[in-house]
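A.B. asks: Just one file: target-v3.tsv, with TSV, C-alpha atoms.
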```tsv
chain	number	residue	atom	x	y	z
A	1	MET	CA	1.43	-17.05	75.31
A	2	THR	CA	0.43	-13.69	76.83
A	3	ALA	CA	-1.93	-13.29	79.78
A	4	MET	CA	-4.48	-11.62	77.48
A	5	SER	CA	-4.48	-14.47	74.98
A	6	GLN	CA	-4.90	-16.96	77.81
A	7	ARG	CA	-8.21	-15.35	78.77
A	8	PRO	CA	-10.62	-16.61	76.08
A	9	LEU	CA	-13.30	-13.97	76.64
A	10	ALA	CA	-11.00	-10.94	76.62
A	11	GLY	CA	-12.44	-8.16	74.47
A	12	LEU	CA	-16.08	-9.13	75.09
A	13	ARG	CA	-18.40	-6.73	76.92
A	14	VAL	CA	-21.11	-8.08	79.21
A	15	LEU	CA	-23.99	-6.00	80.57
A	16	ASP	CA	-25.18	-7.56	83.83
A	17	PHE	CA	-28.67	-6.49	84.92
A	18	SER	CA	-28.95	-9.31	87.48
A	19	THR	CA	-28.85	-9.36	91.28
A	20	LEU	CA	-28.34	-11.82	94.11
A	21	LEU	CA	-26.98	-15.20	92.93
A	22	PRO	CA	-27.69	-16.89	89.54
A	23	GLY	CA	-26.88	-14.00	87.21
A	24	PRO	CA	-23.96	-12.64	89.24
A	25	MET	CA	-22.38	-16.11	89.43
A	26	CYS	CA	-22.81	-16.47	85.68
A	27	THR	CA	-21.14	-13.13	84.97
A	28	LEU	CA	-18.43	-13.84	87.57
A	29	LEU	CA	-17.39	-16.85	85.49
A	30	LEU	CA	-17.40	-14.71	82.35
A	31	ALA	CA	-15.32	-12.04	84.09
A	32	GLU	CA	-12.82	-14.58	85.40
A	33	ALA	CA	-12.32	-15.78	81.81
A	34	GLY	CA	-11.54	-12.24	80.66
A	35	ALA	CA	-14.84	-10.56	79.78
A	36	ASP	CA	-15.43	-6.91	80.70
A	37	VAL	CA	-18.52	-7.13	82.93
A	38	ILE	CA	-20.44	-3.94	83.61
A	39	LYS	CA	-22.87	-4.45	86.47
A	40	ILE	CA	-25.93	-2.21	86.11
A	41	GLU	CA	-27.25	-1.29	89.58
A	42	ARG	CA	-29.96	0.88	91.05
A	43	PRO	CA	-28.76	4.29	92.26
A	44	GLY	CA	-28.47	4.56	96.00
A	45	GLN	CA	-28.96	0.91	96.97
A	46	GLY	CA	-27.47	-1.20	94.23
A	47	ASP	CA	-27.66	-4.98	94.31
A	48	GLU	CA	-29.57	-6.09	97.41
A	49	MET	CA	-26.76	-8.50	98.19
A	50	ARG	CA	-24.53	-5.53	99.09
A	51	THR	CA	-26.51	-5.24	102.33
A	52	TYR	CA	-26.01	-8.83	103.55
A	53	GLU	CA	-23.84	-9.77	106.52
A	54	PRO	CA	-20.99	-10.28	107.22
A	55	ARG	CA	-19.15	-7.42	105.54
A	56	LEU	CA	-15.88	-6.98	103.69
A	57	GLY	CA	-15.48	-3.25	103.93
A	58	ALA	CA	-18.67	-1.35	103.09
A	59	ASP	CA	-20.33	-4.23	101.26
A	60	SER	CA	-21.18	-7.83	102.06
A	61	VAL	CA	-18.77	-10.72	101.71
A	62	ASN	CA	-21.36	-12.40	99.48
A	63	PHE	CA	-21.35	-9.45	97.11
A	64	ALA	CA	-17.55	-9.31	97.11
A	65	LEU	CA	-17.19	-12.99	96.21
A	66	LEU	CA	-19.76	-12.91	93.40
A	67	ASN	CA	-18.72	-9.61	91.82
A	68	ARG	CA	-14.95	-9.87	91.84
A	69	GLY	CA	-13.39	-8.22	88.79
A	70	LYS	CA	-16.54	-6.43	87.58
A	71	ARG	CA	-17.38	-2.73	87.18
A	72	SER	CA	-20.46	-1.00	88.62
A	73	LEU	CA	-22.61	1.56	86.80
A	74	THR	CA	-25.75	2.99	88.42
A	75	LEU	CA	-28.78	3.62	86.22
A	76	ASP	CA	-32.44	4.22	87.04
A	77	LEU	CA	-34.00	2.41	84.11
A	78	LYS	CA	-37.34	4.16	84.66
A	79	GLN	CA	-35.73	7.53	83.88
A	80	PRO	CA	-35.49	8.42	80.16
A	81	ASP	CA	-31.89	9.66	80.30
A	82	ASP	CA	-30.67	6.59	82.14
A	83	LEU	CA	-32.61	4.27	79.85
A	84	ALA	CA	-31.01	6.02	76.87
A	85	ALA	CA	-27.59	5.43	78.45
A	86	ALA	CA	-28.39	1.73	78.86
A	87	LEU	CA	-29.46	1.51	75.21
A	88	GLU	CA	-26.23	3.19	74.15
A	89	LEU	CA	-24.28	0.58	76.09
A	90	VAL	CA	-26.20	-2.18	74.31
A	91	ASP	CA	-24.73	-0.98	71.02
A	92	SER	CA	-21.24	-1.98	72.19
A	93	ALA	CA	-22.25	-5.08	74.16
A	94	ASP	CA	-21.68	-8.68	73.20
A	95	ILE	CA	-23.69	-10.32	75.98
A	96	LEU	CA	-26.55	-9.19	78.23
A	97	VAL	CA	-27.59	-11.15	81.33
A	98	GLU	CA	-30.83	-10.43	83.21
A	99	GLN	CA	-32.98	-12.31	85.70
A	100	PHE	CA	-36.14	-10.25	86.11
A	101	ARG	CA	-39.49	-12.00	85.91
A	102	ALA	CA	-40.74	-12.62	82.38
A	103	GLY	CA	-41.96	-9.40	80.76
A	104	VAL	CA	-40.20	-6.89	83.04
A	105	MET	CA	-37.36	-6.04	80.65
A	106	GLU	CA	-39.86	-5.68	77.78
A	107	ARG	CA	-41.85	-3.15	79.80
A	108	LEU	CA	-38.66	-1.19	80.43
A	109	GLY	CA	-37.91	-1.12	76.72
A	110	LEU	CA	-35.01	-3.56	77.14
A	111	GLY	CA	-36.56	-6.82	75.92
A	112	ALA	CA	-34.66	-9.32	73.84
A	113	ALA	CA	-36.48	-8.59	70.58
A	114	GLN	CA	-36.10	-4.84	71.10
A	115	LEU	CA	-32.39	-4.98	71.82
A	116	ARG	CA	-31.46	-7.58	69.24
A	117	GLN	CA	-33.11	-5.44	66.58
A	118	ARG	CA	-30.82	-2.65	67.72
A	119	ASN	CA	-27.75	-4.92	68.00
A	120	PRO	CA	-28.23	-8.14	65.96
A	121	ARG	CA	-24.99	-9.61	67.33
A	122	LEU	CA	-26.17	-9.37	70.94
A	123	ILE	CA	-26.43	-12.56	73.00
A	124	TYR	CA	-29.36	-11.93	75.33
A	125	CYS	CA	-29.54	-14.33	78.27
A	126	SER	CA	-32.53	-14.41	80.63
A	127	ILE	CA	-32.26	-16.50	83.81
A	128	THR	CA	-35.54	-17.18	85.60
A	129	GLY	CA	-37.11	-19.81	87.80
A	130	TYR	CA	-39.75	-21.02	85.37
A	131	GLY	CA	-38.72	-19.61	81.99
A	132	GLN	CA	-40.22	-17.02	79.66
A	133	SER	CA	-43.38	-19.00	78.87
A	134	GLY	CA	-45.81	-21.38	80.55
A	135	PRO	CA	-48.34	-21.04	83.40
A	136	LEU	CA	-45.65	-20.41	86.05
A	137	ALA	CA	-43.61	-17.87	84.07
A	138	SER	CA	-44.68	-14.90	86.20
A	139	VAL	CA	-44.70	-16.69	89.57
A	140	ALA	CA	-42.18	-15.56	92.20
A	141	GLY	CA	-39.89	-18.17	93.68
A	142	HIS	CA	-36.57	-19.05	95.23
A	143	ASP	CA	-34.28	-22.07	95.08
A	144	LEU	CA	-36.40	-24.10	97.51
A	145	ASN	CA	-39.54	-23.53	95.41
A	146	TYR	CA	-37.84	-24.73	92.25
A	147	LEU	CA	-36.62	-27.89	93.97
A	148	ALA	CA	-40.14	-28.49	95.28
A	149	GLU	CA	-41.87	-27.99	91.92
A	150	THR	CA	-39.55	-30.39	90.07
A	151	GLY	CA	-39.77	-33.30	92.52
A	152	MET	CA	-36.18	-33.05	93.72
A	153	LEU	CA	-37.06	-31.88	97.21
A	154	GLY	CA	-39.57	-34.71	97.58
A	155	LEU	CA	-36.79	-37.27	97.16
A	156	SER	CA	-34.76	-35.97	100.10
A	157	THR	CA	-36.84	-36.79	103.17
A	158	GLY	CA	-35.58	-37.53	106.66
A	159	VAL	CA	-36.64	-40.31	109.02
A	160	ASP	CA	-39.74	-38.31	109.97
A	161	GLY	CA	-40.82	-38.06	106.35
A	162	ALA	CA	-40.21	-34.31	106.11
A	163	PRO	CA	-38.12	-33.09	103.15
A	164	GLY	CA	-34.73	-31.83	104.28
A	165	LEU	CA	-33.51	-28.32	103.51
A	166	PRO	CA	-30.65	-28.57	100.97
A	167	GLN	CA	-27.51	-26.81	102.13
A	168	ALA	CA	-26.52	-25.79	98.60
A	169	LEU	CA	-28.48	-23.51	96.28
A	170	ILE	CA	-28.80	-26.19	93.63
A	171	ALA	CA	-31.26	-24.48	91.30
A	172	ASP	CA	-29.50	-21.11	91.34
A	173	LEU	CA	-26.09	-22.59	90.60
A	174	ALA	CA	-26.32	-26.02	88.95
A	175	ALA	CA	-29.54	-25.19	87.04
A	176	GLY	CA	-29.17	-21.43	86.61
A	177	ALA	CA	-25.69	-19.93	86.51
A	178	TYR	CA	-23.84	-22.89	85.00
A	179	PRO	CA	-26.30	-23.62	82.15
A	180	ALA	CA	-26.35	-19.88	81.42
A	181	VAL	CA	-22.59	-19.81	80.94
A	182	MET	CA	-22.72	-23.00	78.86
A	183	ASN	CA	-25.34	-21.58	76.51
A	184	ILE	CA	-23.63	-18.19	76.27
A	185	LEU	CA	-20.46	-19.96	75.11
A	186	LEU	CA	-22.48	-21.96	72.58
A	187	ALA	CA	-24.10	-18.75	71.39
A	188	LEU	CA	-20.68	-17.14	70.96
A	189	ARG	CA	-19.61	-20.12	68.87
A	190	HIS	CA	-22.79	-19.76	66.79
A	191	ARG	CA	-22.12	-16.04	66.36
A	192	ASP	CA	-18.57	-16.73	65.20
A	193	ALA	CA	-20.00	-18.91	62.42
A	194	SER	CA	-23.10	-16.91	61.49
A	195	GLY	CA	-22.58	-13.36	62.71
A	196	GLU	CA	-25.91	-13.55	64.54
A	197	GLY	CA	-26.66	-13.16	68.22
A	198	SER	CA	-29.07	-15.33	70.20
A	199	THR	CA	-31.89	-15.13	72.71
A	200	LEU	CA	-31.40	-17.57	75.60
A	201	ASP	CA	-34.22	-18.65	77.92
A	202	ILE	CA	-32.54	-20.28	80.95
A	203	ALA	CA	-35.23	-21.78	83.20
A	204	MET	CA	-33.86	-23.18	86.44
A	205	THR	CA	-36.74	-25.63	86.84
A	206	ASP	CA	-36.13	-27.03	83.34
A	207	ASN	CA	-32.48	-27.58	84.13
A	208	LEU	CA	-33.09	-29.41	87.41
A	209	PHE	CA	-34.67	-32.41	85.68
A	210	PRO	CA	-31.44	-33.72	84.09
A	211	LEU	CA	-29.94	-33.89	87.59
A	212	MET	CA	-32.54	-36.58	88.33
A	213	TYR	CA	-31.84	-38.58	85.15
A	214	TRP	CA	-32.03	-41.93	86.92
A	215	GLY	CA	-35.45	-41.20	88.41
A	216	LEU	CA	-36.79	-40.03	85.07
A	217	GLY	CA	-35.41	-43.15	83.43
A	218	ASN	CA	-37.08	-45.41	85.96
A	219	GLY	CA	-40.40	-43.62	85.71
A	220	PHE	CA	-40.58	-43.26	81.96
A	221	SER	CA	-39.43	-46.80	81.18
A	222	THR	CA	-41.20	-48.85	83.85
A	223	GLY	CA	-43.75	-46.56	85.48
A	224	LEU	CA	-41.94	-47.09	88.79
A	225	TRP	CA	-41.28	-43.53	89.94
A	226	PRO	CA	-38.65	-43.17	92.68
A	227	GLN	CA	-39.68	-42.97	96.30
A	228	PRO	CA	-37.80	-41.15	99.06
A	229	GLY	CA	-35.75	-43.48	101.24
A	230	ALA	CA	-36.35	-46.45	98.96
A	231	GLU	CA	-33.99	-46.16	95.98
A	232	ARG	CA	-30.33	-46.82	95.38
A	233	VAL	CA	-29.29	-43.22	96.08
A	234	THR	CA	-32.16	-42.12	98.32
A	235	GLY	CA	-31.59	-44.47	101.25
A	236	GLY	CA	-32.89	-47.81	100.01
A	237	THR	CA	-29.59	-49.66	100.35
A	238	PRO	CA	-27.07	-50.01	103.20
A	239	ARG	CA	-24.39	-49.33	100.62
A	240	TYR	CA	-25.32	-45.65	100.27
A	241	GLN	CA	-25.91	-44.21	103.71
A	242	VAL	CA	-24.67	-41.78	106.31
A	243	TYR	CA	-23.85	-43.59	109.58
A	244	ARG	CA	-23.31	-42.08	113.03
A	245	THR	CA	-20.03	-42.79	114.88
A	246	ALA	CA	-19.43	-43.17	118.64
A	247	ASP	CA	-18.34	-39.52	119.00
A	248	GLN	CA	-21.49	-38.22	117.26
A	249	ARG	CA	-19.79	-37.63	113.96
A	250	TRP	CA	-20.80	-39.24	110.69
A	251	LEU	CA	-19.40	-41.46	107.95
A	252	ALA	CA	-20.54	-41.11	104.34
A	253	VAL	CA	-20.56	-44.72	103.16
A	254	ALA	CA	-20.97	-45.35	99.42
A	255	PRO	CA	-19.44	-48.73	98.43
A	256	LEU	CA	-22.12	-49.43	95.83
A	257	GLU	CA	-20.09	-51.80	93.68
A	258	GLN	CA	-19.62	-55.35	94.93
A	259	LYS	CA	-15.81	-55.13	95.14
A	260	PHE	CA	-16.00	-52.00	97.29
A	261	TRP	CA	-18.78	-53.46	99.43
A	262	ALA	CA	-16.80	-56.64	100.09
A	263	GLN	CA	-13.69	-54.68	101.10
A	264	PHE	CA	-15.75	-52.37	103.30
A	265	LEU	CA	-17.33	-55.30	105.14
A	266	GLN	CA	-13.95	-57.00	105.56
A	267	ILE	CA	-12.55	-53.92	107.32
A	268	LEU	CA	-15.77	-53.55	109.30
A	269	GLY	CA	-15.38	-57.14	110.47
A	270	ALA	CA	-18.72	-58.23	109.02
A	271	PRO	CA	-18.07	-60.25	105.83
A	272	GLU	CA	-21.20	-62.26	106.51
A	273	LEU	CA	-23.29	-59.25	105.44
A	274	LEU	CA	-22.09	-59.46	101.83
A	275	ASP	CA	-25.52	-60.47	100.49
A	276	ASP	CA	-27.69	-57.50	101.40
A	277	SER	CA	-30.36	-58.16	98.79
A	278	GLN	CA	-32.77	-60.11	101.02
A	279	ASP	CA	-32.86	-57.84	104.05
A	280	PRO	CA	-31.32	-54.43	103.29
A	281	THR	CA	-32.97	-52.84	106.33
A	282	GLY	CA	-31.50	-55.47	108.64
A	283	VAL	CA	-28.05	-55.18	107.09
A	284	ARG	CA	-28.19	-51.41	107.40
A	285	ALA	CA	-29.00	-51.74	111.11
A	286	GLN	CA	-26.06	-54.09	111.68
A	287	VAL	CA	-23.64	-51.83	109.81
A	288	ALA	CA	-24.93	-48.85	111.80
A	289	GLN	CA	-24.41	-50.72	115.07
A	290	ARG	CA	-20.79	-51.58	114.26
A	291	ILE	CA	-19.91	-48.08	113.10
A	292	ALA	CA	-21.54	-46.56	116.18
A	293	ALA	CA	-19.14	-48.54	118.39
A	294	GLN	CA	-16.06	-46.50	117.41
A	295	PRO	CA	-15.24	-42.79	116.94
A	296	ALA	CA	-14.78	-41.20	113.54
A	297	ALA	CA	-10.97	-41.04	113.85
A	298	HIS	CA	-10.85	-44.81	114.34
A	299	TRP	CA	-12.79	-45.43	111.14
A	300	GLU	CA	-10.82	-42.87	109.18
A	301	ALA	CA	-7.63	-44.72	110.13
A	302	GLN	CA	-9.15	-48.12	109.38
A	303	PHE	CA	-10.37	-47.22	105.92
A	304	GLN	CA	-7.40	-45.06	104.89
A	305	GLY	CA	-5.55	-46.52	101.93
A	306	HIS	CA	-8.38	-48.86	100.95
A	307	ASP	CA	-10.78	-48.49	98.02
A	308	VAL	CA	-14.03	-48.51	99.96
A	309	CYS	CA	-15.68	-45.14	99.07
A	310	VAL	CA	-15.98	-44.04	102.71
A	311	SER	CA	-15.46	-40.45	103.87
A	312	ILE	CA	-15.72	-38.50	107.08
A	313	VAL	CA	-18.52	-35.94	106.95
A	314	ARG	CA	-16.46	-32.82	107.45
A	315	GLU	CA	-17.48	-29.36	108.50
A	316	LEU	CA	-16.84	-26.67	105.91
A	317	ARG	CA	-14.01	-25.17	107.97
A	318	GLU	CA	-12.32	-28.60	108.02
A	319	ALA	CA	-12.79	-29.10	104.30
A	320	VAL	CA	-11.05	-25.88	103.24
A	321	ASP	CA	-8.01	-26.90	105.34
A	322	HIS	CA	-7.84	-30.43	103.93
A	323	PRO	CA	-4.36	-31.20	102.53
A	324	HIS	CA	-5.87	-32.33	99.22
A	325	PHE	CA	-7.58	-29.01	98.50
A	326	LYS	CA	-4.53	-27.09	99.67
A	327	ALA	CA	-2.36	-29.14	97.32
A	328	ARG	CA	-4.79	-28.29	94.49
A	329	GLY	CA	-4.38	-24.57	95.26
A	330	LEU	CA	-8.12	-23.99	95.43
A	331	PHE	CA	-8.00	-20.93	97.68
A	332	GLN	CA	-4.80	-19.20	96.56
A	333	ARG	CA	-6.57	-16.39	94.69
A	334	SER	CA	-8.28	-13.63	96.64
A	335	VAL	CA	-10.81	-10.83	96.50
A	336	GLN	CA	-9.79	-7.51	97.98
A	337	ASP	CA	-11.58	-4.57	99.54
A	338	ARG	CA	-9.65	-1.66	98.09
A	339	ALA	CA	-10.51	0.79	100.87
A	340	SER	CA	-9.14	-1.32	103.71
A	341	GLY	CA	-6.81	-3.60	101.79
A	342	LYS	CA	-8.41	-6.60	103.50
A	343	THR	CA	-8.61	-9.78	101.46
A	344	ILE	CA	-10.37	-13.12	101.68
A	345	PRO	CA	-9.94	-16.16	99.43
A	346	ALA	CA	-11.85	-15.88	96.16
A	347	LEU	CA	-14.33	-18.49	95.04
A	348	PRO	CA	-12.56	-21.42	93.35
A	349	VAL	CA	-14.61	-21.05	90.18
A	350	PRO	CA	-14.86	-24.02	87.77
A	351	ILE	CA	-12.62	-22.45	85.14
A	352	GLN	CA	-9.31	-24.09	84.31
A	353	PRO	CA	-6.32	-22.07	85.57
A	354	GLN	CA	-4.97	-21.42	82.07
A	355	PHE	CA	-8.22	-19.65	81.18
A	356	CYS	CA	-8.35	-17.66	84.41
A	357	ALA	CA	-5.07	-15.78	84.21
A	358	GLY	CA	-6.17	-12.34	85.41
A	359	ASP	CA	-5.31	-10.50	88.62
A	360	PRO	CA	-5.08	-13.17	91.34
A	361	HIS	CA	-6.03	-10.54	93.93
A	362	ALA	CA	-8.78	-8.60	92.13
A	363	SER	CA	-11.24	-6.34	93.91
A	364	PHE	CA	-15.00	-5.92	93.65
A	365	PRO	CA	-16.68	-2.68	92.56
A	366	SER	CA	-17.98	0.02	94.84
A	367	LEU	CA	-21.46	1.20	93.88
A	368	GLY	CA	-21.34	3.36	90.76
A	369	GLU	CA	-17.56	3.47	90.57
A	370	ALA	CA	-17.69	3.37	86.75
A	371	ASN	CA	-20.20	6.24	86.47
A	372	GLN	CA	-17.57	8.85	85.67
A	373	GLU	CA	-16.11	6.68	82.92
A	374	PHE	CA	-19.54	6.53	81.25
A	375	HIS	CA	-20.29	10.19	81.99
A	376	ARG	CA	-23.09	9.46	84.42
A	377	PRO	CA	-23.74	11.66	87.49
```
Rewrite the coordinates I just gave you, this time as structure tokens.

C.D. replies:
Amino acid sequence: MTAMSQRPLAGLRVLDFSTLLPGPMCTLLLAEAGADVIKIERPGQGDEMRTYEPRLGADSVNFALLNRGKRSLTLDLKQPDDLAAALELVDSADILVEQFRAGVMERLGLGAAQLRQRNPRLIYCSITGYGQSGPLASVAGHDLNYLAETGMLGLSTGVDGAPGLPQALIADLAAGAYPAVMNILLALRHRDASGEGSTLDIAMTDNLFPLMYWGLGNGFSTGLWPQPGAERVTGGTPRYQVYRTADQRWLAVAPLEQKFWAQFLQILGAPELLDDSQDPTGVRAQVAQRIAAQPAAHWEAQFQGHDVCVSIVRELREAVDHPHFKARGLFQRSVQDRASGKTIPALPVPIQPQFCAGDPHASFPSLGEANQEFHRP
């Protein structure tokens, strides 16, 4: 099998009008699977993420990671000539990804209905916080706002009752970029069968709700809506907690099932705590006291080789050096700054290796580097 045939999206052209994170991550996944992604950027400045710190060459590391393997074309969509160039590109495009607020692309003359009339096979994917319709459709927001509006942030409170700041951009990635790719692939399958393109409305807030399936199930079926710190996975059981060790590190303890819980308590030296149903708060305090008596390395050694669902809470720099992830080859591919030749590991995107058989050391585009190819100044 050739490298080209291993890349399922080879031969497809993607126009990427997005910036920052959700859209660029979506089109990164498409590019890694073989699609030709043309990133449309503003002349002069380009994607705002180019300006972030730290840098890899002239542009930010963030931009480099998210735009590996793409091409950059600068167009001022408010100028008639540049808008005409964008429309000409649409004629040869298979997929368009944008993440402006609802109505912006229509005002530019690049709305879904307008472009799909021009190119009926086009798959037009809009990624927004609140979707293309509804009272919040035109409201500005970021990841934290979307988590707040959907109830997810309210389930993650600390001991002082304040919601904690998530350290992953959950809405942008899990509810934005990934559902966008999923639906684009479904739309391609539909097009293969029907010859017709699709209009996709990817609303990050919509897609956060399935991540809280258990809370929705509880609320809809019994009227008992989940409370922070009180449920099975929000802190209401000693079997799903983060405990401090003697050296001020932490253990992630998740022996939810009875067999894991019994083994955990045996190693902890507290088998008498097996029945935690009557006084979960008291049991949690006793477990915390025992774990706090020894450093993290002691507990890692004690639990190693046993099925107890206990992990050290590692720093990110520790995690990337873990023997397991090295054995999996997660960071063997790289992204390169062509000017300096400097490389850093590429993102380990969730695409199976056999579908991601392109240049293992691909670069990211300098602003407007594809202009000459498309006869733009």

A.B. asks: Find, counting all atoms listed in the file, the residue in A:Asp16, A:Glu231, A:Asp307, A:Glu41 that gets nearest to Lys259 in chain A.

C.D. replies: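 Closest to Lys259 in chain A, using all atoms listed in the file: A:Asp307.
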
A.B. asks: Find the residues near Gly269 in chain A: any atom within 10 Å, counting all atoms listed in the file, skip ones fewer than 4 places away on the same chain, and give them as a ChimeraX atom specification.

C.D. replies: /A:263-265,273,287,290

A.B. asks: In Å, rounded to a single decimal, give me how far CA of Thr245 in chain A is from CA of Gln286 in chain A.

C.D. replies: 13.2 Å

A.B. asks: Go through A:Ala31, A:Ala357, A:Leu21, A:Gly134 one by one, measure the shortest atom-to-atom distance of each to Leu169 in chain A using all atoms listed in the file, and give the residue with the smallest value.

C.D. replies: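 Between A:Ala31, A:Ala357, A:Leu21, A:Gly134, the residue approaching Leu169 in chain A most closely is A:Leu21.
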
A.B. asks: For each of A:Tyr130, A:Trp250, A:Phe17, A:Trp225, take the minimum atom-to-atom distance to Trp299 in chain A, counting all atoms listed in the file, then give the residue where this is smallest.

C.D. replies: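 Of A:Tyr130, A:Trp250, A:Phe17, A:Trp225, the one nearest Trp299 in chain A is A:Trp250, counting all atoms listed in the file.
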
A.B. asks: Using Å and a single decimal, report how far CA of Asp206 in chain A sits from CA of Ala254 in chain A.

C.D. replies: 28.7 Å

A.B. asks: Would you compute an axis-aligned box for range 11-30 of chain A, covering every atom listed for it in the file with 6 Å of margin on each side, and report centre and edge lengths in Å to one decimal as AutoDock Vina command-line options?

C.D. replies:
```
--center_x -20.7 --center_y -11.4 --center_z 84.3 --size_x 28.5 --size_y 22.9 --size_z 31.6
```

A.B. asks: Which of these, A:Arg249, A:Pro22, A:His298, A:Pro43, has the shortest distance to Ala171 in chain A once you count all atoms listed in the file?

C.D. replies: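 Nearest candidate to Ala171 in chain A out of A:Arg249, A:Pro22, A:His298, A:Pro43: A:Pro22.
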
A.B. asks: Between CA of Ser92 in chain A and CA of Gly131 in chain A, what is the distance in Å, rounded to a tenth?

C.D. replies: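 About the pair CA of Ser92 in chain A and CA of Gly131 in chain A: they are 26.7 Å apart.
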
A.B. asks: Between A:Ala35, A:Ile170, A:Val139, A:Leu122, which residue has the minimum interatomic distance to Leu96 in chain A, considering all atoms listed in the file?

C.D. replies: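 Checking each of A:Ala35, A:Ile170, A:Val139, A:Leu122 against Leu96 in chain A, counting all atoms listed in the file, the winner is A:Leu122.
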
A.B. asks: Using all atoms listed in the file, which residue out of A:Cys26, A:Ala288, A:Leu330, A:Ala187 lies closest to Ala246 in chain A?

C.D. replies: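 Counting all atoms listed in the file, the residue closest to Ala246 in chain A is A:Ala288.
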
A.B. asks: Taking 6 positions as the minimum chain separation for residues in the same chain, which residues sit within 12 Å of Asn218 in chain A when counting all atoms listed in the file? Answer as an mmCIF file with C-alpha atoms, keeping the file's coordinate frame.

C.D. replies:
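Below is the file result_0.cif, written as the result:
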```
data_model
loop_
_atom_site.group_PDB
_atom_site.id
_atom_site.type_symbol
_atom_site.label_atom_id
_atom_site.label_comp_id
_atom_site.auth_asym_id
_atom_site.auth_seq_id
_atom_site.Cartn_x
_atom_site.Cartn_y
_atom_site.Cartn_z
ATOM 1 C CA MET A 212 -32.540 -36.580 88.330
ATOM 2 C CA LEU A 224 -41.940 -47.090 88.790
ATOM 3 C CA TRP A 225 -41.280 -43.530 89.940
ATOM 4 C CA PRO A 226 -38.650 -43.170 92.680
ATOM 5 C CA GLN A 227 -39.680 -42.970 96.300
ATOM 6 C CA GLU A 231 -33.990 -46.160 95.980
ATOM 7 C CA ARG A 232 -30.330 -46.820 95.380
#
```

A.B. asks: Can you list, as a count of residues only, every protein, DNA or RNA residue that comes within 10 Å of Leu256 in chain A when you count all atoms listed in the file, leaving out same-chain residues fewer than 5 positions away?

C.D. replies: 10

A.B. asks: Could you list, as a ChimeraX atom specification, every residue within 8 Å of Ser311 in chain A, counting only C-alpha atoms and ignoring same-chain residues fewer than 4 positions away?

C.D. replies: /A:251-253,300

A.B. asks: Taking the partial coordinates given, rebuild range 262-275 of chain A to contain N, CA and C atoms; return it as an mmCIF file, in the frame of the given file.

C.D. replies:
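Okay, out.cif is ready:
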```
data_model
loop_
_atom_site.group_PDB
_atom_site.id
_atom_site.type_symbol
_atom_site.label_atom_id
_atom_site.label_comp_id
_atom_site.auth_asym_id
_atom_site.auth_seq_id
_atom_site.Cartn_x
_atom_site.Cartn_y
_atom_site.Cartn_z
ATOM 1 N N ALA A 262 -17.495 -55.513 99.447
ATOM 2 C CA ALA A 262 -16.800 -56.640 100.090
ATOM 3 C C ALA A 262 -15.617 -56.160 100.915
ATOM 4 N N GLN A 263 -14.846 -55.221 100.360
ATOM 5 C CA GLN A 263 -13.690 -54.680 101.100
ATOM 6 C C GLN A 263 -14.146 -53.905 102.325
ATOM 7 N N PHE A 264 -15.193 -53.133 102.170
ATOM 8 C CA PHE A 264 -15.750 -52.370 103.300
ATOM 9 C C PHE A 264 -16.153 -53.306 104.437
ATOM 10 N N LEU A 265 -16.869 -54.363 104.118
ATOM 11 C CA LEU A 265 -17.330 -55.300 105.140
ATOM 12 C C LEU A 265 -16.158 -56.043 105.789
ATOM 13 N N GLN A 266 -15.123 -56.322 105.018
ATOM 14 C CA GLN A 266 -13.950 -57.000 105.560
ATOM 15 C C GLN A 266 -13.314 -56.133 106.646
ATOM 16 N N ILE A 267 -13.144 -54.842 106.341
ATOM 17 C CA ILE A 267 -12.550 -53.920 107.320
ATOM 18 C C ILE A 267 -13.489 -53.720 108.504
ATOM 19 N N LEU A 268 -14.770 -53.713 108.237
ATOM 20 C CA LEU A 268 -15.770 -53.550 109.300
ATOM 21 C C LEU A 268 -15.835 -54.780 110.199
ATOM 22 N N GLY A 269 -15.318 -55.894 109.702
ATOM 23 C CA GLY A 269 -15.380 -57.140 110.470
ATOM 24 C C GLY A 269 -16.726 -57.824 110.352
ATOM 25 N N ALA A 270 -17.390 -57.634 109.202
ATOM 26 C CA ALA A 270 -18.720 -58.230 109.020
ATOM 27 C C ALA A 270 -18.866 -58.800 107.624
ATOM 28 N N PRO A 271 -17.960 -59.703 107.194
ATOM 29 C CA PRO A 271 -18.070 -60.250 105.830
ATOM 30 C C PRO A 271 -19.335 -61.048 105.597
ATOM 31 N N GLU A 272 -19.975 -61.477 106.670
ATOM 32 C CA GLU A 272 -21.200 -62.260 106.510
ATOM 33 C C GLU A 272 -22.368 -61.432 105.983
ATOM 34 N N LEU A 273 -22.213 -60.125 105.928
ATOM 35 C CA LEU A 273 -23.290 -59.250 105.440
ATOM 36 C C LEU A 273 -23.195 -58.984 103.945
ATOM 37 N N LEU A 274 -22.340 -59.724 103.241
ATOM 38 C CA LEU A 274 -22.090 -59.460 101.830
ATOM 39 C C LEU A 274 -23.365 -59.459 100.996
ATOM 40 N N ASP A 275 -24.251 -60.426 101.233
ATOM 41 C CA ASP A 275 -25.520 -60.470 100.490
ATOM 42 C C ASP A 275 -26.556 -59.633 101.233
#
```
